[in-house]
$ cat work20.tsv   # TSV, C-alpha atoms and all ligand atoms
chain	number	residue	atom	x	y	z
A	8	MET	CA	61.47	-3.91	19.49
A	9	ARG	CA	58.07	-5.08	18.24
A	10	VAL	CA	55.83	-6.63	20.84
A	11	VAL	CA	52.83	-8.66	19.68
A	12	SER	CA	50.40	-10.79	21.69
A	13	GLY	CA	46.75	-11.76	21.77
A	14	ILE	CA	44.06	-12.95	24.14
A	15	GLN	CA	40.86	-14.75	23.19
A	16	PRO	CA	37.52	-13.18	24.12
A	17	THR	CA	36.27	-16.60	25.21
A	18	GLY	CA	35.20	-15.57	28.71
A	19	LYS	CA	36.29	-13.42	31.60
A	20	PRO	CA	40.07	-13.07	31.86
A	21	HIS	CA	41.52	-14.68	34.96
A	22	LEU	CA	44.50	-14.54	37.26
A	23	GLY	CA	46.51	-16.87	34.98
A	24	ASN	CA	46.00	-14.54	32.02
A	25	TYR	CA	46.96	-11.59	34.22
A	26	LEU	CA	50.14	-12.98	35.81
A	27	GLY	CA	51.16	-15.06	32.79
A	28	ALA	CA	50.53	-12.53	30.06
A	29	ILE	CA	48.79	-9.19	30.75
A	30	VAL	CA	51.34	-7.95	33.31
A	31	ASN	CA	53.98	-8.36	30.61
A	32	TYR	CA	51.85	-6.63	27.97
A	33	VAL	CA	51.99	-3.55	30.18
A	34	LYS	CA	55.67	-3.88	30.98
A	35	LEU	CA	56.71	-4.38	27.34
A	36	GLN	CA	54.28	-1.71	26.10
A	37	ASP	CA	56.08	0.82	28.26
A	38	GLU	CA	59.52	-0.42	27.20
A	39	ALA	CA	58.58	-0.35	23.52
A	40	HIS	CA	57.06	3.11	23.88
A	41	ALA	CA	60.20	4.44	25.56
A	42	ASN	CA	62.51	2.96	22.87
A	43	GLY	CA	60.67	3.95	19.71
A	44	GLY	CA	59.37	0.37	19.30
A	45	GLN	CA	55.77	-0.68	18.84
A	46	CYS	CA	53.36	-2.85	20.81
A	47	PHE	CA	50.35	-4.65	19.30
A	48	ILE	CA	47.81	-6.35	21.56
A	49	PHE	CA	44.81	-7.95	19.87
A	50	LEU	CA	41.65	-9.73	20.89
A	51	ALA	CA	41.81	-13.09	19.16
A	52	ASP	CA	38.17	-13.23	18.08
A	53	LEU	CA	39.08	-15.27	14.98
A	54	HIS	CA	40.68	-17.82	17.31
A	55	ALA	CA	37.60	-17.79	19.57
A	56	ILE	CA	35.41	-19.23	16.81
A	57	SER	CA	37.50	-22.43	16.76
A	58	GLN	CA	35.22	-23.70	19.54
A	59	PRO	CA	31.41	-23.73	19.55
A	60	HIS	CA	30.30	-20.25	20.66
A	61	ASP	CA	27.30	-18.04	21.15
A	62	PRO	CA	27.51	-14.93	18.88
A	63	ALA	CA	25.98	-12.52	21.41
A	64	GLU	CA	28.37	-13.75	24.09
A	65	LEU	CA	31.37	-13.33	21.80
A	66	THR	CA	30.38	-9.71	21.17
A	67	GLN	CA	29.97	-9.03	24.88
A	68	ASN	CA	33.17	-10.85	25.83
A	69	THR	CA	35.07	-8.84	23.22
A	70	ARG	CA	33.96	-5.51	24.69
A	71	GLU	CA	34.52	-6.70	28.26
A	72	MET	CA	38.01	-7.89	27.33
A	73	VAL	CA	38.93	-4.44	25.96
A	74	ALA	CA	37.64	-2.86	29.17
A	75	THR	CA	39.64	-5.35	31.27
A	76	LEU	CA	42.87	-4.84	29.34
A	77	VAL	CA	42.59	-1.08	29.67
A	78	ALA	CA	41.74	-1.50	33.37
A	79	CYS	CA	44.94	-3.57	33.74
A	80	GLY	CA	47.06	-0.78	32.22
A	81	VAL	CA	47.13	-1.49	28.48
A	82	ASP	CA	47.09	2.05	27.12
A	83	PRO	CA	45.50	2.53	23.66
A	84	ALA	CA	47.62	5.65	23.21
A	85	LYS	CA	50.81	3.59	23.50
A	86	THR	CA	49.64	0.21	22.22
A	87	VAL	CA	47.87	-0.73	19.01
A	88	LEU	CA	44.83	-2.42	20.63
A	89	PHE	CA	42.38	-4.07	18.24
A	90	ASN	CA	40.47	-7.22	17.32
A	91	GLN	CA	41.55	-9.56	14.53
A	92	ALA	CA	38.19	-9.47	12.76
A	93	GLN	CA	38.79	-5.84	11.75
A	94	VAL	CA	42.20	-6.59	10.23
A	95	PRO	CA	41.68	-9.03	7.32
A	96	ALA	CA	45.45	-9.39	6.83
A	97	HIS	CA	45.54	-11.89	9.74
A	98	ALA	CA	43.26	-14.34	7.93
A	99	GLU	CA	44.90	-13.65	4.56
A	100	LEU	CA	48.38	-14.31	5.86
A	101	GLN	CA	47.16	-17.46	7.58
A	102	TRP	CA	45.95	-18.80	4.25
A	103	LEU	CA	49.28	-18.03	2.63
A	104	LEU	CA	51.14	-19.73	5.50
A	105	ASN	CA	48.87	-22.79	5.28
A	106	GLY	CA	50.98	-23.58	2.23
A	107	THR	CA	54.11	-23.69	4.40
A	108	ALA	CA	52.85	-25.32	7.64
A	109	ARG	CA	52.99	-29.12	7.68
A	110	MET	CA	50.21	-31.44	8.92
A	111	GLY	CA	52.73	-33.33	11.05
A	112	TRP	CA	53.74	-30.12	12.84
A	113	LEU	CA	50.14	-29.31	13.77
A	114	ASN	CA	49.44	-32.91	14.80
A	115	ARG	CA	52.13	-32.60	17.47
A	116	MET	CA	50.61	-29.54	19.17
A	117	THR	CA	49.66	-30.39	22.76
A	118	GLN	CA	46.90	-27.75	22.89
A	119	TRP	CA	45.22	-29.46	19.93
A	120	LYS	CA	45.51	-32.83	21.67
A	121	ASP	CA	44.24	-31.41	24.99
A	122	LYS	CA	41.34	-29.41	23.57
A	123	ALA	CA	40.26	-32.08	21.07
A	124	GLY	CA	40.51	-34.93	23.59
A	125	LYS	CA	39.28	-38.24	22.22
A	126	ASN	CA	36.91	-36.63	19.72
A	127	ARG	CA	39.35	-35.36	17.07
A	128	GLU	CA	37.03	-36.17	14.18
A	129	GLY	CA	34.32	-33.96	15.67
A	130	GLN	CA	36.48	-30.83	16.05
A	131	SER	CA	36.35	-27.78	13.82
A	132	VAL	CA	39.08	-27.43	11.20
A	133	ALA	CA	39.82	-24.07	12.85
A	134	LEU	CA	40.87	-25.74	16.11
A	135	PHE	CA	43.45	-27.76	14.17
A	136	THR	CA	44.79	-24.85	12.12
A	137	TYR	CA	44.68	-22.43	15.08
A	138	PRO	CA	48.51	-22.31	15.44
A	139	VAL	CA	48.92	-21.22	11.80
A	140	LEU	CA	46.67	-18.22	12.45
A	141	GLN	CA	48.71	-17.54	15.57
A	142	ALA	CA	51.89	-17.61	13.47
A	143	ALA	CA	50.29	-15.15	11.04
A	144	ASP	CA	49.30	-12.88	13.96
A	145	VAL	CA	52.88	-12.36	15.07
A	146	LEU	CA	54.72	-12.63	11.73
A	147	LEU	CA	52.48	-9.98	10.16
A	148	TYR	CA	54.00	-7.33	12.42
A	149	GLN	CA	57.56	-8.74	12.42
A	150	ALA	CA	57.27	-9.39	16.18
A	151	THR	CA	60.48	-9.62	18.16
A	152	HIS	CA	58.92	-10.16	21.63
A	153	VAL	CA	55.79	-12.22	22.24
A	154	PRO	CA	54.61	-12.13	25.89
A	155	VAL	CA	52.70	-15.37	26.57
A	156	GLY	CA	52.18	-17.99	29.25
A	157	GLU	CA	54.04	-21.30	29.21
A	158	ASP	CA	51.16	-23.09	27.41
A	159	GLN	CA	51.83	-21.03	24.26
A	160	LYS	CA	55.55	-21.78	24.01
A	161	GLN	CA	55.04	-24.66	21.63
A	162	HIS	CA	52.88	-22.53	19.32
A	163	LEU	CA	55.59	-19.86	19.26
A	164	GLU	CA	58.17	-22.47	18.28
A	165	LEU	CA	55.85	-23.52	15.46
A	166	ALA	CA	55.61	-19.88	14.32
A	167	ARG	CA	59.41	-19.82	14.17
A	168	ASP	CA	59.46	-23.06	12.14
A	169	ILE	CA	56.91	-21.66	9.70
A	170	ALA	CA	58.85	-18.39	9.35
A	171	GLN	CA	62.10	-20.25	8.82
A	172	LYS	CA	60.68	-22.58	6.18
A	173	PHE	CA	59.00	-19.70	4.36
A	174	ASN	CA	62.24	-17.69	4.39
A	175	ASN	CA	64.14	-20.73	3.08
A	176	ASP	CA	61.60	-21.59	0.40
A	177	PHE	CA	60.79	-18.12	-0.96
A	178	CYS	CA	63.47	-15.60	0.01
A	179	ALA	CA	67.08	-14.93	-0.89
A	180	GLU	CA	69.43	-16.04	1.86
A	181	ASP	CA	70.46	-12.48	2.70
A	182	ALA	CA	66.89	-11.10	2.60
A	183	PRO	CA	64.57	-13.19	4.80
A	184	LEU	CA	61.01	-11.84	4.89
A	185	PHE	CA	59.94	-12.91	8.37
A	186	THR	CA	61.59	-12.07	11.69
A	187	LEU	CA	61.79	-15.11	13.98
A	188	PRO	CA	59.72	-14.20	17.09
A	189	GLU	CA	60.98	-14.87	20.62
A	190	PRO	CA	58.60	-15.96	23.38
A	191	TYR	CA	58.71	-13.72	26.46
A	192	ILE	CA	57.59	-15.97	29.31
A	193	PRO	CA	57.54	-14.86	32.96
A	194	PRO	CA	59.63	-17.30	34.99
A	195	ALA	CA	57.53	-17.14	38.16
A	196	ALA	CA	53.93	-17.13	36.93
A	197	ALA	CA	54.12	-18.84	33.57
A	198	ARG	CA	51.56	-21.45	34.50
A	199	ILE	CA	48.90	-20.72	37.12
A	200	MET	CA	46.90	-23.85	37.86
A	201	SER	CA	43.17	-24.41	38.43
A	202	LEU	CA	41.94	-23.91	42.01
A	203	ARG	CA	40.08	-27.21	41.74
A	204	ASP	CA	42.85	-29.32	40.23
A	205	GLY	CA	46.55	-28.57	40.66
A	206	THR	CA	47.41	-30.53	37.51
A	207	ALA	CA	45.21	-28.54	35.07
A	208	LYS	CA	45.99	-24.97	34.03
A	209	MET	CA	43.60	-22.19	35.01
A	210	SER	CA	41.50	-21.52	31.88
A	211	LYS	CA	38.67	-19.30	30.72
A	212	SER	CA	37.05	-22.31	29.11
A	213	ASP	CA	36.98	-24.46	32.29
A	214	PRO	CA	33.26	-24.97	32.99
A	215	SER	CA	33.74	-24.41	36.74
A	216	GLU	CA	33.74	-20.77	37.88
A	217	MET	CA	35.34	-21.99	41.12
A	218	SER	CA	38.43	-23.12	39.19
A	219	ARG	CA	39.61	-19.57	38.56
A	220	ILE	CA	39.78	-16.05	39.98
A	221	SER	CA	38.36	-13.70	37.35
A	222	LEU	CA	39.88	-10.24	37.18
A	223	THR	CA	36.40	-8.80	37.64
A	224	ASP	CA	35.53	-10.82	40.78
A	225	ASP	CA	34.61	-8.70	43.79
A	226	ALA	CA	36.34	-9.09	47.16
A	227	ASP	CA	33.74	-11.50	48.60
A	228	THR	CA	33.90	-13.78	45.57
A	229	ILE	CA	37.70	-13.83	45.66
A	230	MET	CA	37.75	-14.75	49.36
A	231	LYS	CA	35.12	-17.46	48.84
A	232	LYS	CA	36.99	-19.02	45.90
A	233	ILE	CA	40.32	-19.02	47.75
A	234	LYS	CA	38.80	-20.52	50.88
A	235	LYS	CA	37.21	-23.27	48.79
A	236	ALA	CA	40.37	-23.91	46.73
A	237	LYS	CA	41.42	-27.56	46.81
A	238	THR	CA	44.39	-28.29	49.12
A	239	ASP	CA	45.81	-31.15	51.14
A	240	ALA	CA	45.58	-31.24	54.94
A	241	GLU	CA	49.26	-30.61	55.78
A	242	PRO	CA	50.60	-27.21	56.91
A	243	LEU	CA	52.92	-25.37	54.51
A	244	PRO	CA	56.48	-26.74	54.54
A	245	SER	CA	59.45	-24.51	55.27
A	246	GLU	CA	61.51	-25.76	52.28
A	247	GLU	CA	60.50	-25.21	48.66
A	248	LYS	CA	61.55	-28.73	47.65
A	249	ASP	CA	58.84	-30.15	49.91
A	250	LEU	CA	56.20	-28.40	47.77
A	251	GLU	CA	57.24	-30.50	44.78
A	252	PRO	CA	54.71	-33.38	45.25
A	253	ARG	CA	51.94	-31.02	46.47
A	254	ALA	CA	50.55	-29.45	43.28
A	255	GLU	CA	47.74	-27.44	44.90
A	256	ALA	CA	49.90	-26.05	47.72
A	257	ARG	CA	52.63	-25.20	45.20
A	258	ASN	CA	50.14	-23.31	43.07
A	259	LEU	CA	48.84	-21.17	45.97
A	260	VAL	CA	52.37	-20.37	47.13
A	261	GLY	CA	53.31	-19.51	43.53
A	262	ILE	CA	50.34	-17.15	43.20
A	263	TYR	CA	51.22	-15.44	46.49
A	264	GLY	CA	54.82	-15.04	45.34
A	265	ALA	CA	53.89	-13.70	41.89
A	266	LEU	CA	51.58	-11.10	43.45
A	267	THR	CA	54.11	-9.92	46.03
A	268	GLY	CA	57.28	-10.23	43.92
A	269	LYS	CA	58.71	-12.94	46.18
A	270	SER	CA	60.21	-16.32	45.38
A	271	ALA	CA	58.46	-19.48	46.62
A	272	GLN	CA	61.20	-19.90	49.24
A	273	GLU	CA	60.69	-16.33	50.49
A	274	VAL	CA	56.94	-16.99	50.84
A	275	LEU	CA	57.73	-20.16	52.82
A	276	ASP	CA	60.22	-18.27	55.00
A	277	GLU	CA	57.26	-16.13	56.09
A	278	HIS	CA	54.41	-18.64	56.01
A	279	GLY	CA	56.02	-22.07	56.44
A	280	GLY	CA	54.33	-24.05	59.21
A	281	GLN	CA	50.99	-22.27	58.72
A	282	GLY	CA	47.90	-24.32	57.94
A	283	PHE	CA	45.66	-23.30	55.05
A	284	GLY	CA	43.16	-21.86	57.53
A	285	VAL	CA	45.73	-19.08	58.08
A	286	PHE	CA	47.50	-18.95	54.70
A	287	LYS	CA	44.38	-18.81	52.52
A	288	PRO	CA	42.97	-15.61	54.10
A	289	ALA	CA	46.43	-13.99	53.76
A	290	LEU	CA	46.50	-14.94	50.07
A	291	GLY	CA	42.92	-13.72	49.61
A	292	GLU	CA	43.87	-10.33	51.02
A	293	VAL	CA	46.83	-9.92	48.68
A	294	LEU	CA	44.59	-10.87	45.76
A	295	VAL	CA	41.88	-8.40	46.72
A	296	GLU	CA	44.48	-5.66	47.10
A	297	THR	CA	45.81	-6.31	43.57
A	298	LEU	CA	42.49	-6.82	41.85
A	299	ALA	CA	40.29	-4.19	43.55
A	300	PRO	CA	41.67	-1.22	41.55
A	301	ILE	CA	41.42	-3.23	38.31
A	302	ASN	CA	37.84	-4.15	39.14
A	303	ALA	CA	36.95	-0.51	39.89
A	304	ARG	CA	38.39	0.73	36.57
A	305	PHE	CA	36.68	-2.12	34.70
A	306	LEU	CA	33.27	-1.18	36.18
A	307	ASP	CA	33.84	2.43	35.07
A	308	LEU	CA	34.62	1.42	31.50
A	309	LYS	CA	32.53	-1.62	30.74
A	310	ASP	CA	29.20	0.00	29.82
A	311	ASP	CA	30.56	2.63	27.46
A	312	GLN	CA	30.11	0.54	24.33
A	313	GLU	CA	30.80	3.45	22.02
A	314	ALA	CA	34.14	4.26	23.64
A	315	LEU	CA	35.21	0.59	23.67
A	316	ASP	CA	34.28	0.09	20.01
A	317	ALA	CA	36.13	3.31	19.14
A	318	ILE	CA	39.31	2.00	20.80
A	319	LEU	CA	39.12	-1.15	18.67
A	320	ALA	CA	38.34	0.74	15.45
A	321	ARG	CA	41.25	3.14	15.94
A	322	GLY	CA	43.64	0.31	16.79
A	323	ALA	CA	42.45	-1.72	13.79
A	324	ALA	CA	43.10	1.18	11.40
A	325	ARG	CA	46.69	1.42	12.67
A	326	ALA	CA	47.14	-2.37	12.54
A	327	ARG	CA	45.86	-2.56	8.94
A	328	GLU	CA	48.37	0.07	7.90
A	329	GLN	CA	51.30	-1.49	9.77
A	330	GLY	CA	50.65	-5.04	8.58
A	331	LEU	CA	50.30	-4.16	4.91
A	332	PRO	CA	53.97	-4.12	3.82
A	333	THR	CA	54.57	-7.66	5.16
A	334	LEU	CA	51.35	-8.98	3.63
A	335	ASP	CA	52.22	-7.47	0.23
A	336	ALA	CA	55.75	-8.85	0.42
A	337	THR	CA	54.36	-12.32	1.20
A	338	TYR	CA	52.09	-12.33	-1.86
A	339	ASN	CA	55.00	-11.13	-3.97
A	340	ALA	CA	57.48	-13.66	-2.64
A	341	MET	CA	55.03	-16.45	-3.48
A	342	GLY	CA	54.55	-15.20	-7.05
A	343	LEU	CA	50.88	-14.30	-6.74
A	344	VAL	CA	49.81	-11.68	-9.28
A	345	ARG	CA	47.84	-8.74	-7.80
A	346	GLY	CA	47.15	-5.82	-10.20
B	1	LIG	P1	40.93	-20.68	26.68
B	1	LIG	O1	40.60	-21.68	27.77
B	1	LIG	O2	39.71	-20.16	25.95
B	1	LIG	O3	42.03	-21.15	25.75
B	1	LIG	P2	42.84	-19.26	28.25
B	1	LIG	O4	42.53	-19.04	29.67
B	1	LIG	O5	43.81	-20.34	27.89
B	1	LIG	O6	41.47	-19.40	27.46
B	1	LIG	P3	43.94	-17.55	26.19
B	1	LIG	O7	43.14	-16.41	25.65
B	1	LIG	O8	44.02	-18.80	25.38
B	1	LIG	O9	43.38	-17.88	27.66
B	1	LIG	O10	45.42	-17.06	26.50
B	1	LIG	C1	45.77	-15.68	26.72
B	1	LIG	C2	47.15	-15.60	27.33
B	1	LIG	O11	47.11	-16.04	28.71
B	1	LIG	C3	48.20	-16.49	26.65
B	1	LIG	O12	49.42	-15.76	26.61
B	1	LIG	C4	48.33	-17.67	27.56
B	1	LIG	O13	49.61	-18.28	27.48
B	1	LIG	C5	48.12	-17.02	28.93
B	1	LIG	N1	47.59	-17.99	29.90
B	1	LIG	C6	46.42	-18.67	29.79
B	1	LIG	N2	46.23	-19.45	30.87
B	1	LIG	C7	47.30	-19.26	31.69
B	1	LIG	C8	47.68	-19.79	32.98
B	1	LIG	N3	46.89	-20.66	33.62
B	1	LIG	N4	48.85	-19.37	33.53
B	1	LIG	C9	49.65	-18.48	32.88
B	1	LIG	N5	49.34	-17.94	31.66
B	1	LIG	C10	48.18	-18.32	31.07
B	2	MG	MG	44.15	-20.85	25.84

$ encode --input "work20.tsv" --output "structure tokens" --more "lines below"
Ligand code: ATP
Ligand code: MG
Amino acid sequence: MRVVSGIQPTGKPHLGNYLGAIVNYVKLQDEAHANGGQCFIFLADLHAISQPHDPAELTQNTREMVATLVACGVDPAKTVLFNQAQVPAHAELQWLLNGTARMGWLNRMTQWKDKAGKNREGQSVALFTYPVLQAADVLLYQATHVPVGEDQKQHLELARDIAQKFNNDFCAEDAPLFTLPEPYIPPAAARIMSLRDGTAKMSKSDPSEMSRISLTDDADTIMKKIKKAKTDAEPLPSEEKDLEPRAEARNLVGIYGALTGKSAQEVLDEHGGQGFGVFKPALGEVLVETLAPINARFLDLKDDQEALDAILARGAARAREQGLPTLDATYNAMGLVRG
């Protein structure tokens, strides 16, 4: 079992990142550790530069992201925790796989269409080729399990297509080089939506702070954001099917369920008939209970720059070593001569 996943240091991680991805990093890290497997979690700083960014902020976000991941339970003794920029094999393998990926495949990616909007011509080349780097990230370590939110499913399918085509083009049928990675997507919390718009996913890059709960928000901020979350005026229904047309209500019920380990119907069995004036404070309390210990650990860790950088440096050294055999084999399979 080889678990690989990444998170971009593009801002403060939020509840969607936590429920959609980070909770599963911790779960799979422990499973891999118990079974003699390996878990790699990286900060996708090379992905972060696909959008305009401020260098000082990227540095700070990178350190804060390490502190947050450790505060959430990612354990650098069990997991290879590092940033891409210290492991050149990610960028090297991406270049090699650029020869395999097709323009048409990338053109179909919904994240590219969403993030580029109407201004495709004005986007960085990196935003377009982002999924090829993502394929390199997971193929480099022969990932079997990739814990991600629903929005990354399409990119994972692309990584499989790239691996398959490379294996077909350059490898003997009985000796494929790349393992085809499987997405590991949580059924309940795969897609947490914005608190301001039930049709847009919660994102670090949303300009509105009120659209998301950050993992480092204090109790007052959490309560304020939940109370201000957009909703309709109806009380909660008692049947899950009646949530279907109510995106905002569905999202809040989904968050409550993901935090308490209950299905949407179980949440409605308890809270159906309540107005948001009653349900929102109950949700806020559950959130504070989950996030307060994470926040406390984060505050303890976040200012020890030396310790945070040391975690990344140690993880990067292990990642460089573990990625090397696949990188070498890729150069060889393609017939590139290297001394
Ligand atoms: P950005 O807006 O900069 O793309 P992001 O919030 O989408 O940031 P990423 O770093 O791109 O965060 O993604 C990290 C992980 O979190 C991925 O596995 C992604 O699928 C997951 N994720 C992101 N947003 C959500 C969400 N709203 N619900 C569930 N999972 C999510
Ligand atoms: Mg994203």

$ residues_near_ligand --input "work20.tsv" --ligand "ligand LIG 1 (chain B)" --cutoff "8 Å" --atoms "only C-alpha atoms and all ligand atoms" --output "PyMOL selection string"
chain A and resi 12-18+20-29+51+55+154-160+196-201+208-213

$ closest_residue --input "work20.tsv" --among "A:Arg325, A:Phe173, A:Tyr137, A:Asp310" --to "Gln101 (chain A)" --atoms "all atoms listed in the file"
A:Tyr137

$ closest_residue --input "work20.tsv" --among "A:Leu308, A:Leu134, A:Ala142, A:Val94" --to "ligand MG 2 (chain B)" --atoms "only C-alpha atoms and all ligand atoms"
A:Leu134

$ atom_distance --input "work20.tsv" --atom1 "CA of Glu38 (chain A)" --atom2 "CA of Val10 (chain A)"
9.6 Å

$ residues_around --input "work20.tsv" --residues "Thr69 (chain A)" --least-positions-apart "3" --cutoff "12 Å" --atoms "all atoms listed in the file" --output "PyMOL selection string"
chain A and resi 14-20+49-53+55+62-66+72-76+88-92+309+312+315-316+318-319
